[in-house]
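**Student:** I'd like to ask you about the structure that follows.
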Amino acid sequence: MKPTEQTTQQIERVIKKIAQKFPTDEDTSIITDIHLRASQDSGELVAFNDDEEEITRCVVEQWIDNKDENFYTEITSTLREELRNLHDIVDNLGILKPYSFVLEDDDQENIAELYVADDDTVIIGGDLMENLDKDLDSFLDNLLKE
């Protein structure tokens with residue numbers, strides 16, 4: 001599912017509303033994560049803080065009644081791309097670093113860590129990590145054989 005221009009604008013608006021709630025010129029908040037909860041049925045994208053207090057919400061029309069099996073995989077890449085595009089805003093929230101943007105489903109299950117705002121941390125996407133377990137197991141097996 002390729003995001004429409006309207007979808008990217010709606011996600012951008014949510015990120016900017018989060019930034020408005022945590023301006024850099026005020027006291028630094030001690031929140032460690034911003035939870036983005038996406039619903040396949042309603043299309044809602046809701047942002048929460050660590051205490052389950054709602055920060056903002058919107059309805060992403062493209063996501064309403066989406067029955068795609070890979071829904072969360074698809075939106076993970078879309079959300080990551082938008083967070084990277086707005087990294088100047090995302091990296092400078094009035095929140096004590098490091099803090100993360102985390103994607104959750106309707107049941108509050110953690111789907112993916114989307115973005116870590118920390119000067120020294122980078123999230124490695126799924127493509128690079130795909131066969132890491134196999135590679136490490138193979139390396140260990142070879143090492144133990146010698």
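Just so we're on the same page: first chain in the structure tokens is A, next is B, and so on; residues restart at 1 for each chain, and ligands are numbered from 1 in the order they show up.
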Using only C-alpha atoms, I'd like a table of the residues in range 3-101 of chain A that come within 9 Å of range 105-110 of chain A; for each, show the closest atom pair and its distance in Å rounded to one decimal, ordered by chain and ascending number, as a tab-separated table.
**Tutor:**
residue	atom	partner	partner_atom	distance
A:His35	CA	A:Asn110	CA	8.9
A:Leu36	CA	A:Asp105	CA	8.5
A:Arg37	CA	A:Asp105	CA	5.5
A:Ala38	CA	A:Asp105	CA	5.6
A:Ser39	CA	A:Asp106	CA	5.7
A:Gln40	CA	A:Asp106	CA	8.2
A:Tyr72	CA	A:Asp105	CA	8.0
**Student:** What does the distance from CA of Tyr99 in chain A to CA of Ile30 in chain A come to in Å, to one decimal?
**Tutor:** 9.0 Å
**Student:** Using only C-alpha atoms, which of A:Glu44, A:Asp133, A:Asp50, A:Glu12 sits nearest Val102 in chain A?
**Tutor:** A:Asp50
**Student:** What parts of range 52-102 of chain A does DSSP call helix (DSSP H, G or I)? I'd like the answer as number ranges by chain.
**Tutor:** A: 61-63, 71-85, 87-90
**Student:** Please list as a list in words every residue within 12 Å of Glu82 in chain A, counting only C-alpha atoms and excluding residues in the same chain fewer than 6 positions away.
**Tutor:**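 These residues fall inside the cut-off: Pro3, Glu5, Thr7, Thr8, Gln9, Gln10, Ile11, Glu12, Arg13, Val14, Ile15, Lys16, Ile75, Thr76, Asp88, Ile89, Val90, Phe101, Leu114 and Tyr115 of chain A.
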**Student:** Which polymer residues have any atom within 10 Å of an atom of Asp51 in chain A, counting only C-alpha atoms, with same-chain residues fewer than 6 positions away left out, as a JSON list (two decimals) with C-alpha atoms, in the first residue's frame?
**Tutor:**
[["chain", "number", "residue", "atom", "x", "y", "z"],
["A", 31, "ILE", "CA", 8.57, 10.79, 28.97],
["A", 33, "ASP", "CA", 8.26, 6.86, 24.65],
["A", 34, "ILE", "CA", 5.54, 8.21, 22.43]]
**Student:** Could you tell me which of A:Asn85, A:Thr73, A:Asn92, A:Gln62 comes closest to Ser42 in chain A if we count only C-alpha atoms?
**Tutor:**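 Checking each of A:Asn85, A:Thr73, A:Asn92, A:Gln62 against Ser42 in chain A, counting only C-alpha atoms, the winner is A:Gln62.
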**Student:** Write down as a VMD selection string the residues of range 64-140 of chain A whose backbone DSSP state falls under strand (DSSP E).
**Tutor:** chain A and resid 99 to 104 110 to 117
**Student:** Generate a file of the selected residues that holds all heavy atoms, formatted as a compact mmCIF listing (two decimals), in the first residue's frame.
**Tutor:**
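The new file part_36.txt reads:
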# COMPACT_ATOMS: atom_id res chain seq x y z
N TYR A 99 14.40 9.15 23.73
CA TYR A 99 12.98 8.80 23.71
C TYR A 99 12.67 8.15 22.37
O TYR A 99 13.40 8.34 21.39
CB TYR A 99 12.07 10.01 23.97
CG TYR A 99 12.29 11.19 23.06
CD1 TYR A 99 11.61 11.31 21.85
CD2 TYR A 99 13.16 12.21 23.43
CE1 TYR A 99 11.80 12.41 21.03
CE2 TYR A 99 13.36 13.31 22.62
CZ TYR A 99 12.67 13.41 21.41
OH TYR A 99 12.87 14.49 20.61
N SER A 100 11.61 7.36 22.35
CA SER A 100 11.29 6.57 21.16
C SER A 100 9.86 6.84 20.70
O SER A 100 9.00 7.19 21.50
CB SER A 100 11.39 5.07 21.46
OG SER A 100 12.66 4.73 21.91
N PHE A 101 9.65 6.61 19.42
CA PHE A 101 8.31 6.54 18.86
C PHE A 101 8.06 5.05 18.61
O PHE A 101 8.85 4.40 17.92
CB PHE A 101 8.22 7.31 17.54
CG PHE A 101 8.12 8.80 17.72
CD1 PHE A 101 9.25 9.55 18.00
CD2 PHE A 101 6.89 9.43 17.62
CE1 PHE A 101 9.16 10.92 18.17
CE2 PHE A 101 6.80 10.81 17.79
CZ PHE A 101 7.94 11.55 18.06
N VAL A 102 6.98 4.53 19.20
CA VAL A 102 6.70 3.10 19.13
C VAL A 102 5.33 2.91 18.50
O VAL A 102 4.36 3.58 18.86
CB VAL A 102 6.70 2.49 20.55
CG1 VAL A 102 6.38 1.01 20.50
CG2 VAL A 102 8.04 2.73 21.24
N LEU A 103 5.24 1.96 17.55
CA LEU A 103 3.96 1.63 16.92
C LEU A 103 3.30 0.49 17.68
O LEU A 103 3.96 -0.50 18.00
CB LEU A 103 4.17 1.23 15.46
CG LEU A 103 2.92 0.78 14.70
CD1 LEU A 103 1.88 1.91 14.62
CD2 LEU A 103 3.29 0.29 13.31
N GLU A 104 2.00 0.65 17.97
CA GLU A 104 1.22 -0.38 18.65
C GLU A 104 -0.04 -0.67 17.85
O GLU A 104 -0.51 0.18 17.10
CB GLU A 104 0.82 0.08 20.06
CG GLU A 104 1.97 0.35 20.98
CD GLU A 104 1.52 0.87 22.34
OE1 GLU A 104 0.33 1.23 22.48
OE2 GLU A 104 2.36 0.92 23.24
N ASN A 110 3.10 -4.08 21.15
CA ASN A 110 4.19 -3.38 20.48
C ASN A 110 4.45 -4.03 19.12
O ASN A 110 4.75 -5.22 19.04
CB ASN A 110 5.44 -3.45 21.36
CG ASN A 110 6.57 -2.62 20.84
OD1 ASN A 110 6.64 -2.32 19.65
ND2 ASN A 110 7.47 -2.25 21.71
N ILE A 111 4.35 -3.26 18.06
CA ILE A 111 4.58 -3.75 16.70
C ILE A 111 6.01 -3.45 16.26
O ILE A 111 6.71 -4.32 15.76
CB ILE A 111 3.60 -3.10 15.69
CG1 ILE A 111 2.15 -3.37 16.09
CG2 ILE A 111 3.88 -3.56 14.28
CD1 ILE A 111 1.72 -4.81 16.04
N ALA A 112 6.43 -2.20 16.45
CA ALA A 112 7.77 -1.81 15.99
C ALA A 112 8.23 -0.54 16.69
O ALA A 112 7.42 0.31 17.05
CB ALA A 112 7.75 -1.57 14.48
N GLU A 113 9.52 -0.45 16.88
CA GLU A 113 10.11 0.80 17.33
C GLU A 113 10.40 1.59 16.05
O GLU A 113 11.17 1.15 15.20
CB GLU A 113 11.38 0.54 18.14
CG GLU A 113 11.87 1.78 18.84
CD GLU A 113 12.86 1.45 19.94
OE1 GLU A 113 13.81 0.68 19.67
OE2 GLU A 113 12.69 1.97 21.05
N LEU A 114 9.77 2.73 15.92
CA LEU A 114 9.82 3.49 14.68
C LEU A 114 11.02 4.43 14.60
O LEU A 114 11.60 4.62 13.54
CB LEU A 114 8.54 4.32 14.52
CG LEU A 114 7.24 3.53 14.47
CD1 LEU A 114 6.06 4.48 14.56
CD2 LEU A 114 7.18 2.70 13.20
N TYR A 115 11.34 5.04 15.73
CA TYR A 115 12.35 6.10 15.71
C TYR A 115 12.87 6.30 17.13
O TYR A 115 12.09 6.31 18.07
CB TYR A 115 11.71 7.40 15.22
CG TYR A 115 12.69 8.50 14.88
CD1 TYR A 115 13.16 8.65 13.58
CD2 TYR A 115 13.12 9.39 15.86
CE1 TYR A 115 14.04 9.67 13.27
CE2 TYR A 115 14.01 10.40 15.55
CZ TYR A 115 14.47 10.54 14.25
OH TYR A 115 15.35 11.55 13.94
N VAL A 116 14.17 6.43 17.25
CA VAL A 116 14.77 6.75 18.54
C VAL A 116 15.42 8.12 18.42
O VAL A 116 16.26 8.33 17.54
CB VAL A 116 15.83 5.71 18.97
CG1 VAL A 116 16.52 6.14 20.25
CG2 VAL A 116 15.21 4.34 19.14
N ALA A 117 15.02 9.02 19.27
CA ALA A 117 15.61 10.36 19.27
C ALA A 117 16.73 10.37 20.30
O ALA A 117 16.50 10.47 21.49
CB ALA A 117 14.56 11.41 19.60
